[in-house]
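Shown next: data-v6.csv, containing CSV, C-alpha atoms and all ligand atoms.
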chain,number,residue,atom,x,y,z
A,1,MET,CA,-65.4,31.3,70.5
A,2,LYS,CA,-67.3,30.3,67.4
A,3,ALA,CA,-65.5,28.4,64.7
A,4,ALA,CA,-66.2,26.4,61.6
A,5,VAL,CA,-64.7,23.1,62.5
A,6,ILE,CA,-64.2,19.7,60.8
A,7,HIS,CA,-64.2,16.5,62.8
A,8,GLU,CA,-63.6,14.3,59.8
A,9,HIS,CA,-62.6,14.5,56.1
A,10,GLY,CA,-65.3,14.7,53.5
A,11,SER,CA,-67.7,16.8,51.5
A,12,PRO,CA,-68.6,20.4,52.5
A,13,SER,CA,-71.2,18.9,54.9
A,14,VAL,CA,-68.4,18.0,57.4
A,15,LEU,CA,-68.0,21.8,58.2
A,16,ARG,CA,-69.7,22.5,61.5
A,17,TYR,CA,-70.2,25.9,63.1
A,18,GLU,CA,-69.8,25.4,66.8
A,19,ASP,CA,-68.3,26.6,70.1
A,20,VAL,CA,-64.6,25.8,70.7
A,21,PRO,CA,-62.2,26.9,73.5
A,22,ASP,CA,-60.5,30.3,73.0
A,23,PRO,CA,-56.8,29.9,72.0
A,24,THR,CA,-54.2,31.8,74.0
A,25,ALA,CA,-51.0,33.5,72.9
A,26,GLY,CA,-47.7,32.3,74.4
A,27,PRO,CA,-44.3,34.1,74.4
A,28,GLY,CA,-43.4,35.2,70.9
A,29,GLU,CA,-47.1,35.0,69.7
A,30,VAL,CA,-50.1,37.2,69.3
A,31,LEU,CA,-53.8,36.5,69.4
A,32,VAL,CA,-55.6,37.9,66.5
A,33,ARG,CA,-59.4,38.7,66.4
A,34,VAL,CA,-60.2,37.4,62.9
A,35,ARG,CA,-62.2,39.9,60.7
A,36,ALA,CA,-61.9,38.1,57.5
A,37,CYS,CA,-60.5,34.8,56.2
A,38,ALA,CA,-60.2,34.0,52.5
A,39,LEU,CA,-60.8,30.5,51.0
A,40,ASN,CA,-58.1,28.7,49.0
A,41,HIS,CA,-57.9,25.4,47.1
A,42,LEU,CA,-55.7,24.2,50.0
A,43,ASP,CA,-58.8,24.4,52.2
A,44,LEU,CA,-60.6,21.9,49.9
A,45,TRP,CA,-57.7,19.5,49.8
A,46,THR,CA,-57.4,19.7,53.6
A,47,ARG,CA,-61.1,19.2,54.1
A,48,ARG,CA,-61.2,16.2,51.7
A,49,GLY,CA,-58.0,14.7,53.2
A,50,LEU,CA,-54.8,13.8,51.3
A,51,PRO,CA,-53.5,10.3,51.2
A,52,GLY,CA,-50.8,9.8,53.9
A,53,ARG,CA,-51.4,13.2,55.5
A,54,SER,CA,-54.0,14.0,58.1
A,55,VAL,CA,-54.7,16.7,60.7
A,56,PRO,CA,-55.6,16.2,64.3
A,57,PHE,CA,-59.4,16.6,64.8
A,58,PRO,CA,-61.2,18.8,65.5
A,59,HIS,CA,-59.5,21.0,63.0
A,60,ILE,CA,-60.0,24.6,62.0
A,61,LEU,CA,-59.4,25.5,58.3
A,62,GLY,CA,-58.3,28.9,56.8
A,63,ASN,CA,-54.9,30.0,55.5
A,64,ASP,CA,-55.5,33.7,54.8
A,65,ILE,CA,-56.3,35.8,57.8
A,66,SER,CA,-56.8,39.5,58.5
A,67,GLY,CA,-58.0,41.1,61.8
A,68,GLU,CA,-56.9,43.1,64.8
A,69,ILE,CA,-54.4,42.1,67.5
A,70,ALA,CA,-56.5,41.0,70.5
A,71,ALA,CA,-53.6,40.2,72.9
A,72,LEU,CA,-49.9,40.0,73.0
A,73,GLY,CA,-48.3,36.9,74.4
A,74,GLY,CA,-45.2,38.9,75.5
A,75,PRO,CA,-43.3,42.0,74.5
A,76,ALA,CA,-43.6,42.7,70.8
A,77,ASP,CA,-41.8,45.8,69.5
A,78,GLY,CA,-44.0,47.9,67.2
A,79,LEU,CA,-47.2,45.8,67.7
A,80,ALA,CA,-50.1,46.9,69.9
A,81,VAL,CA,-53.5,45.6,70.9
A,82,GLY,CA,-56.1,46.8,68.4
A,83,GLN,CA,-53.7,47.1,65.5
A,84,ARG,CA,-55.0,46.1,62.1
A,85,VAL,CA,-53.0,43.3,60.5
A,86,LEU,CA,-52.8,40.4,58.1
A,87,LEU,CA,-51.0,37.2,58.7
A,88,SER,CA,-48.3,35.7,56.5
A,89,PRO,CA,-49.8,32.2,55.9
A,90,GLY,CA,-46.7,30.1,56.6
A,91,THR,CA,-44.7,29.5,59.8
A,92,SER,CA,-41.2,28.0,60.0
A,93,CYS,CA,-38.4,27.3,62.5
A,94,GLY,CA,-36.6,30.6,61.8
A,95,ARG,CA,-33.2,29.0,62.5
A,96,CYS,CA,-32.4,26.6,59.7
A,97,GLN,CA,-30.3,27.3,56.6
A,98,ALA,CA,-33.5,27.5,54.4
A,99,CYS,CA,-35.2,30.0,56.8
A,100,LEU,CA,-32.1,32.2,57.2
A,101,SER,CA,-31.5,32.4,53.4
A,102,GLY,CA,-35.1,33.6,52.9
A,103,GLU,CA,-36.5,30.3,51.7
A,104,ASP,CA,-38.7,29.6,54.6
A,105,SER,CA,-41.2,27.6,52.5
A,106,SER,CA,-38.4,25.0,52.1
A,107,CYS,CA,-38.0,24.8,55.9
A,108,ARG,CA,-38.6,21.2,57.1
A,109,GLN,CA,-40.8,22.6,59.8
A,110,TYR,CA,-42.9,24.8,57.4
A,111,ARG,CA,-46.5,24.9,58.5
A,112,ILE,CA,-49.5,26.7,57.0
A,113,PHE,CA,-52.4,28.1,59.0
A,114,GLY,CA,-55.5,26.0,58.4
A,115,ALA,CA,-53.5,23.2,56.7
A,116,HIS,CA,-51.2,22.1,59.5
A,117,LEU,CA,-52.1,24.6,62.3
A,118,PRO,CA,-55.5,25.9,63.5
A,119,GLY,CA,-56.6,28.5,60.9
A,120,GLY,CA,-58.8,31.5,60.4
A,121,TYR,CA,-62.4,29.9,60.2
A,122,ALA,CA,-62.7,31.2,63.8
A,123,GLU,CA,-63.2,34.3,65.8
A,124,LEU,CA,-59.6,34.1,67.2
A,125,VAL,CA,-56.4,32.6,66.0
A,126,ARG,CA,-52.9,32.6,67.6
A,127,SER,CA,-49.9,33.4,65.5
A,128,PRO,CA,-46.1,33.8,65.8
A,129,VAL,CA,-45.2,37.5,66.0
A,130,THR,CA,-43.0,37.0,62.9
A,131,ASN,CA,-46.1,36.4,60.8
A,132,VAL,CA,-47.8,39.7,61.6
A,133,VAL,CA,-47.9,42.3,58.8
A,134,PRO,CA,-49.6,45.6,59.8
A,135,ILE,CA,-52.1,47.0,57.2
A,136,PRO,CA,-52.9,50.7,56.5
A,137,ASP,CA,-56.3,52.0,57.6
A,138,HIS,CA,-57.5,52.4,54.0
A,139,VAL,CA,-57.2,48.7,53.3
A,140,GLY,CA,-60.3,46.7,54.0
A,141,PHE,CA,-60.2,43.4,56.0
A,142,GLU,CA,-61.7,41.4,53.2
A,143,GLU,CA,-59.2,42.5,50.6
A,144,ALA,CA,-56.4,42.1,53.2
A,145,ALA,CA,-57.5,38.4,53.7
A,146,ALA,CA,-57.7,37.9,50.0
A,147,PHE,CA,-54.1,38.9,49.4
A,148,PRO,CA,-51.5,36.8,51.2
A,149,LEU,CA,-51.5,33.2,49.9
A,150,VAL,CA,-52.3,33.7,46.2
A,151,PHE,CA,-50.2,36.8,45.7
A,152,LEU,CA,-47.3,35.3,47.6
A,153,THR,CA,-47.6,32.2,45.6
A,154,ALA,CA,-47.8,34.0,42.3
A,155,TRP,CA,-44.9,36.4,43.3
A,156,HIS,CA,-42.6,33.5,44.1
A,157,MET,CA,-43.5,31.8,40.8
A,158,LEU,CA,-43.1,34.9,38.5
A,159,VAL,CA,-40.4,37.0,40.3
A,160,SER,CA,-38.2,34.6,42.3
A,161,ARG,CA,-38.5,31.4,40.2
A,162,ALA,CA,-39.2,32.5,36.5
A,163,HIS,CA,-37.4,36.0,36.8
A,164,VAL,CA,-40.1,37.5,34.5
A,165,ARG,CA,-38.7,40.4,32.5
A,166,LEU,CA,-40.0,43.5,30.7
A,167,GLY,CA,-41.6,42.7,27.3
A,168,GLU,CA,-41.8,38.9,27.8
A,169,ASP,CA,-44.9,37.0,26.9
A,170,VAL,CA,-46.6,35.1,29.9
A,171,LEU,CA,-49.4,32.6,29.7
A,172,VAL,CA,-51.6,32.5,32.8
A,173,TRP,CA,-54.1,29.6,33.1
A,174,ALA,CA,-57.5,30.3,34.8
A,175,ALA,CA,-57.3,34.0,35.4
A,176,GLY,CA,-60.5,33.7,37.6
A,177,SER,CA,-58.7,31.6,40.2
A,178,GLY,CA,-56.9,33.2,43.0
A,179,VAL,CA,-53.4,32.4,41.7
A,180,GLY,CA,-54.4,33.3,38.2
A,181,MET,CA,-55.9,36.7,39.3
A,182,ALA,CA,-52.7,37.4,41.2
A,183,ALA,CA,-50.4,36.2,38.4
A,184,VAL,CA,-52.0,38.4,35.7
A,185,GLN,CA,-51.5,41.5,37.8
A,186,ILE,CA,-47.9,40.7,38.9
A,187,ALA,CA,-46.8,39.9,35.3
A,188,LYS,CA,-48.2,43.2,34.2
A,189,LEU,CA,-46.5,45.0,37.1
A,190,PHE,CA,-43.2,43.7,35.7
A,191,GLY,CA,-44.0,44.8,32.2
A,192,ALA,CA,-44.9,41.5,30.6
A,193,ARG,CA,-47.5,40.9,28.0
A,194,VAL,CA,-50.1,38.6,29.5
A,195,ILE,CA,-52.2,36.0,27.6
A,196,ALA,CA,-54.8,34.7,30.1
A,197,THR,CA,-57.2,31.8,29.9
A,198,ALA,CA,-60.7,31.4,31.5
A,199,GLY,CA,-63.5,29.0,31.1
A,200,ARG,CA,-66.5,31.3,30.4
A,201,GLU,CA,-67.4,34.3,28.4
A,202,GLU,CA,-67.9,36.7,31.4
A,203,LYS,CA,-64.6,35.5,33.0
A,204,LEU,CA,-62.8,36.4,29.8
A,205,ALA,CA,-64.1,40.0,30.1
A,206,GLN,CA,-63.1,40.0,33.8
A,207,ALA,CA,-59.6,38.8,32.9
A,208,LYS,CA,-59.3,41.7,30.4
A,209,ALA,CA,-60.5,44.2,33.1
A,210,LEU,CA,-57.8,42.8,35.4
A,211,GLY,CA,-55.1,43.7,32.8
A,212,ALA,CA,-54.7,40.7,30.6
A,213,ASP,CA,-53.6,41.8,27.0
A,214,GLU,CA,-55.2,38.7,25.3
A,215,VAL,CA,-57.7,36.2,26.6
A,216,LEU,CA,-58.5,32.7,25.5
A,217,ASP,CA,-61.4,30.3,26.3
A,218,HIS,CA,-59.6,27.2,27.5
A,219,HIS,CA,-62.7,25.0,26.9
A,220,ARG,CA,-63.5,26.2,23.4
A,221,GLN,CA,-60.2,27.3,21.9
A,222,ASP,CA,-56.9,25.5,21.0
A,223,VAL,CA,-54.8,27.3,23.6
A,224,ALA,CA,-51.4,26.2,22.2
A,225,ALA,CA,-52.3,27.1,18.6
A,226,GLU,CA,-53.7,30.5,19.7
A,227,VAL,CA,-50.6,31.2,21.7
A,228,ARG,CA,-48.5,30.5,18.7
A,229,ARG,CA,-50.7,32.8,16.6
A,230,LEU,CA,-50.6,35.6,19.1
A,231,THR,CA,-46.8,35.5,19.5
A,232,GLY,CA,-46.0,35.2,15.7
A,233,ARG,CA,-45.3,31.4,16.1
A,234,LYS,CA,-42.7,32.1,18.9
A,235,GLY,CA,-44.6,30.9,22.0
A,236,VAL,CA,-44.5,32.4,25.5
A,237,GLU,CA,-41.4,32.8,27.6
A,238,VAL,CA,-43.2,31.9,30.8
A,239,VAL,CA,-46.2,29.7,31.6
A,240,ILE,CA,-47.9,29.9,35.0
A,241,GLU,CA,-49.3,26.4,35.7
A,242,HIS,CA,-51.6,25.5,38.6
A,243,VAL,CA,-54.3,23.5,36.7
A,244,GLY,CA,-52.3,20.3,36.2
A,245,GLN,CA,-53.6,17.4,34.2
A,246,ALA,CA,-56.1,19.3,32.1
A,247,SER,CA,-53.6,21.9,30.8
A,248,TRP,CA,-50.1,20.5,31.3
A,249,GLU,CA,-49.6,19.2,27.7
A,250,ARG,CA,-50.9,22.4,26.2
A,251,SER,CA,-48.6,24.4,28.6
A,252,ILE,CA,-45.5,22.6,27.2
A,253,LEU,CA,-46.6,23.2,23.6
A,254,SER,CA,-47.1,26.9,24.3
A,255,LEU,CA,-43.5,27.5,25.4
A,256,ALA,CA,-41.0,29.4,23.3
A,257,GLN,CA,-37.4,28.3,22.8
A,258,ARG,CA,-35.7,28.4,26.3
A,259,GLY,CA,-39.2,29.0,27.8
A,260,ARG,CA,-39.8,28.5,31.6
A,261,LEU,CA,-42.8,26.7,33.0
A,262,VAL,CA,-43.6,27.2,36.7
A,263,THR,CA,-46.1,25.0,38.5
A,264,CYS,CA,-47.6,25.5,42.0
A,265,GLY,CA,-50.5,23.1,41.8
A,266,ALA,CA,-52.6,20.5,40.0
A,267,THR,CA,-56.2,21.2,40.7
A,268,THR,CA,-57.5,18.9,37.9
A,269,GLY,CA,-55.1,16.0,38.8
A,270,PRO,CA,-51.4,15.2,39.1
A,271,ASP,CA,-50.7,13.2,35.8
A,272,GLY,CA,-49.5,15.5,33.1
A,273,ARG,CA,-47.9,14.1,29.9
A,274,THR,CA,-44.6,15.6,28.9
A,275,ASP,CA,-43.1,15.0,25.5
A,276,LEU,CA,-39.4,15.0,26.4
A,277,ARG,CA,-38.4,16.0,22.8
A,278,HIS,CA,-39.9,19.4,23.4
A,279,VAL,CA,-38.0,19.7,26.7
A,280,PHE,CA,-34.5,19.1,25.2
A,281,ALA,CA,-35.0,20.5,21.7
A,282,LYS,CA,-36.4,23.7,22.9
A,283,GLN,CA,-34.2,23.8,26.0
A,284,LEU,CA,-37.1,24.3,28.3
A,285,THR,CA,-37.0,24.8,32.1
A,286,LEU,CA,-39.7,23.2,34.2
A,287,MET,CA,-39.9,24.5,37.8
A,288,GLY,CA,-41.9,23.7,40.9
A,289,SER,CA,-43.0,26.4,43.3
A,290,TYR,CA,-44.4,26.2,46.8
A,291,MET,CA,-45.8,29.2,48.6
A,292,GLY,CA,-43.1,31.8,49.1
A,293,SER,CA,-41.1,33.5,51.9
A,294,LYS,CA,-42.2,36.1,54.5
A,295,ALA,CA,-39.7,38.5,52.8
A,296,GLU,CA,-41.4,38.1,49.5
A,297,LEU,CA,-44.8,38.9,51.1
A,298,LEU,CA,-43.2,42.1,52.5
A,299,GLU,CA,-41.9,42.9,49.1
A,300,ALA,CA,-45.3,42.4,47.4
A,301,ALA,CA,-47.5,44.0,50.1
A,302,PRO,CA,-46.5,47.7,49.4
A,303,HIS,CA,-47.8,47.2,45.8
A,304,PHE,CA,-51.1,46.0,47.3
A,305,PHE,CA,-51.3,48.9,49.8
A,306,ALA,CA,-50.6,51.4,47.0
A,307,GLY,CA,-53.3,50.0,44.8
A,308,ARG,CA,-51.1,48.5,42.2
A,309,LEU,CA,-52.1,44.9,43.1
A,310,ARG,CA,-55.8,44.3,43.7
A,311,PRO,CA,-57.1,41.1,45.3
A,312,LEU,CA,-60.6,40.8,43.9
A,313,VAL,CA,-63.2,39.6,46.4
A,314,HIS,CA,-66.0,37.8,44.6
A,315,GLU,CA,-68.2,37.3,47.6
A,316,ALA,CA,-68.1,37.4,51.4
A,317,PHE,CA,-70.1,34.9,53.6
A,318,PRO,CA,-70.7,34.9,57.3
A,319,LEU,CA,-68.5,32.3,59.0
A,320,ALA,CA,-71.6,30.3,59.8
A,321,ASP,CA,-72.0,29.7,56.1
A,322,ALA,CA,-68.6,28.2,55.5
A,323,ARG,CA,-70.2,25.1,54.0
A,324,ARG,CA,-72.0,27.2,51.4
A,325,ALA,CA,-68.7,29.0,50.6
A,326,HIS,CA,-67.0,25.7,50.0
A,327,GLU,CA,-69.9,24.6,47.7
A,328,VAL,CA,-69.5,27.8,45.7
A,329,MET,CA,-65.7,27.3,45.4
A,330,GLU,CA,-66.2,23.7,44.2
A,331,ALA,CA,-68.7,24.9,41.5
A,332,SER,CA,-65.9,27.1,40.2
A,333,GLU,CA,-68.2,29.8,38.8
A,334,HIS,CA,-66.7,32.6,40.8
A,335,PHE,CA,-64.0,35.1,39.7
A,336,GLY,CA,-61.6,36.1,42.5
A,337,LYS,CA,-61.6,35.2,46.1
A,338,LEU,CA,-64.3,34.0,48.5
A,339,VAL,CA,-64.1,35.3,52.0
A,340,LEU,CA,-65.6,34.4,55.4
A,341,ARG,CA,-66.4,36.9,58.0
A,342,PRO,CA,-66.6,35.8,61.7
B,1,ZN,ZN,-36.4,26.6,59.2
Just give me the structure of the file as structure tokens.
Ligand SMILES: [Zn+2]
Amino acid sequence: MKAAVIHEHGSPSVLRYEDVPDPTAGPGEVLVRVRACALNHLDLWTRRGLPGRSVPFPHILGNDISGEIAALGGPADGLAVGQRVLLSPGTSCGRCQACLSGEDSSCRQYRIFGAHLPGGYAELVRSPVTNVVPIPDHVGFEEAAAFPLVFLTAWHMLVSRAHVRLGEDVLVWAAGSGVGMAAVQIAKLFGARVIATAGREEKLAQAKALGADEVLDHHRQDVAAEVRRLTGRKGVEVVIEHVGQASWERSILSLAQRGRLVTCGATTGPDGRTDLRHVFAKQLTLMGSYMGSKAELLEAAPHFFAGRLRPLVHEAFPLADARRAHEVMEASEHFGKLVLRP
């Protein structure tokens, strides 16, 4: 099969479109013919290489996969060859206390397609049966691939970690990013008022179109001061953080009394300054969040299939142009997801 493969860590130029052996599905697995694979920031981290963590080369990136079942590795009730599906991005042991209590992203054997396992930058991928989510005929492959990782992440942050409630104010950083785009919509679905930030004029308009009630330019405006103004000096009950160093201090300053901050990433760097006086005096809660469970994906997916959650696809590229797609993602001028099509 054809795949976009990396043989070393580095710049987008390490992505090579080449022939690799077809994978095969074993017992408890299916083989999926990939029709679309969405890019995530995790792809950039995996391609560049993280200190102390590597992948065996050659490696195939790609966490977010949709396609058709090409083969079954054994009996699989309710699944058939040709069926249209998306894949839950994380795999786990399925037997430990974390897995069985619906916290599979805390499983010690948690693995993500494209980060720890061969991913979707390929014509075929093998997957455990338990990761397969059938999709209705009216849902396109590109949207289906753009959905899982970022909507799962944002659902876990807002619903399971922050317990967002009707009428609360929620600050979402970088509404044009995948997690930001998902968080704006999920917060609205639960009846919150959303203040979203973006870095350019046209992205502010797109954030509004997505459902944000208020939008702020995080390069040109004092976000914490504007949040206080927009909330009658109260601050927001929930902050959705994934930017890290560049926004962290302003996130803390934007929180209301007893506010909750949830973070799932640090795209601008890991060193955020926290003034502890704000943490105790305002009784703040700071929470980490990592992916989400298969059960949460199944909880969120019907909202996607019914059109209440919409993964925005900015642009689709042929798989052979994976390098160019990475360059576009690094330039950060897109709004929504970038998708590869084998
Ligand atoms: Zn487990």
Each region 39-65 of chain A residue no farther than 10 Å from region 325-334 of chain A, nearest pair in Å, all atoms listed in the file, as a tab-separated table:
residue	atom	partner	partner_atom	distance
A:Leu39	CA	A:His326	CA	7.9
A:Asn40	CA	A:Met329	CA	8.5
A:His41	CA	A:Met329	CA	8.2
A:Asp43	CA	A:His326	CA	8.6
A:Leu44	CA	A:His326	CA	7.4
A:Arg47	CA	A:His326	CA	9.7
Per residue of chain A within 9 Å of ligand ZN 1 (chain B), what are the shortest atom pair and its distance in Å to one decimal, counting all atoms listed in the file, with rows by chain and residue number, as a tab-separated table?
residue	atom	partner	partner_atom	distance
A:Thr91	CA	B:ZN1	ZN	8.8
A:Ser92	CA	B:ZN1	ZN	5.1
A:Cys93	CA	B:ZN1	ZN	3.9
A:Gly94	CA	B:ZN1	ZN	4.8
A:Arg95	CA	B:ZN1	ZN	5.2
A:Cys96	CA	B:ZN1	ZN	4.0
A:Gln97	CA	B:ZN1	ZN	6.7
A:Ala98	CA	B:ZN1	ZN	5.7
A:Cys99	CA	B:ZN1	ZN	4.3
A:Leu100	CA	B:ZN1	ZN	7.3
A:Glu103	CA	B:ZN1	ZN	8.4
A:Asp104	CA	B:ZN1	ZN	6.0
A:Ser105	CA	B:ZN1	ZN	8.3
A:Ser106	CA	B:ZN1	ZN	7.5
A:Cys107	CA	B:ZN1	ZN	4.1
A:Arg108	CA	B:ZN1	ZN	6.2
A:Gln109	CA	B:ZN1	ZN	6.0
A:Tyr110	CA	B:ZN1	ZN	7.0
| message | One decimal, in Å: what's the spacing between CA of Asp19 (chain A) and CA of Ala122 (chain A)? | response |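 It comes out at 9.6 Å.
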| task | Measuring atom to atom with only C-alpha atoms, identify which of A:His314, A:Arg126, A:His116, A:Arg35 is nearest to Leu61 (chain A). | result |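 Checking each candidate against Leu61 (chain A), we get A:His116 as the closest.
Between CA of Gly82 (chain A) and CA of Leu298 (chain A) the separation is 21.0 Å.
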| request: Work out how far CA of Leu338 (chain A) is from CA of Val313 (chain A), in Å to one decimal. | output: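 According to the coordinates, CA of Val313 (chain A) and CA of Leu338 (chain A) are separated by 6.1 Å.
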| Distance query region 139-149 of chain A at most 7 Å, all atoms listed in the file, self and fewer than 4 positions along chain excluded, as a PyMOL selection string | chain A and resi 35-38+64-67+86+88-89+135+153+305+311+313+337+339
| task | Skip Arg310 (chain A) itself and residues of its chain fewer than 2 positions away, then list as a ChimeraX atom specification all residues within 8 Å of it, counting all atoms listed in the file. | result | /A:143,182,185,304,307-308,312
| field | Which of A:Ala256, A:Val34, A:Leu152, A:Ala205 sits closest to Leu124 (chain A) [using all atoms listed in the file] | value | A:Val34
| field | Closest of A:Phe335, A:Pro58, A:Trp155, A:Glu296 to Glu201 (chain A) - atom-to-atom distances counting only C-alpha atoms | value |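 Of the candidates, the smallest distance to Glu201 (chain A) is held by A:Phe335.
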| remark: Restricting to all atoms listed in the file, whichever of A:Leu309, A:Ile186, A:Ala316, A:Met157 is closest to Glu241 (chain A) is A:Met157
| message | When you count all atoms listed in the file, which of these residues is closest to Glu18 (chain A): A:Arg33, A:Pro136, A:Ala4, A:Asn63? | response |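 Selected residue with least distance to Glu18 (chain A): A:Ala4.
Each of A:Gly78, A:Pro134, A:Gly52, A:Gly235 was compared to Ser254 (chain A) using only C-alpha atoms, and A:Gly235 turns out to be the nearest.
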| task | Would you list the residues near (-58.2, 43.1, 71.6), meaning any protein, DNA or RNA residue with an atom at most 6 Å from that point in file coordinates, counting all atoms listed in the file, as a list in words? | result |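 Here is the list of nearby residues: Ile69, Ala70, Ala71, Val81 and Gly82 of chain A.
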| said: I'd like the contact shell of Arg48 (chain A) - 9 Å cut-off, only C-alpha atoms, skipping same-chain residues fewer than 5 positions apart - returned as an MDAnalysis selection string. | reply: chainID A and resid 8:12 43
| query | Can you tell me, as number ranges by chain, what residues are no more than 7 Å from Thr263 (chain A) when counting all atoms listed in the file, ignoring any on the same chain fewer than 2 positions away? | reply | A: 240-242, 261, 265, 287-289
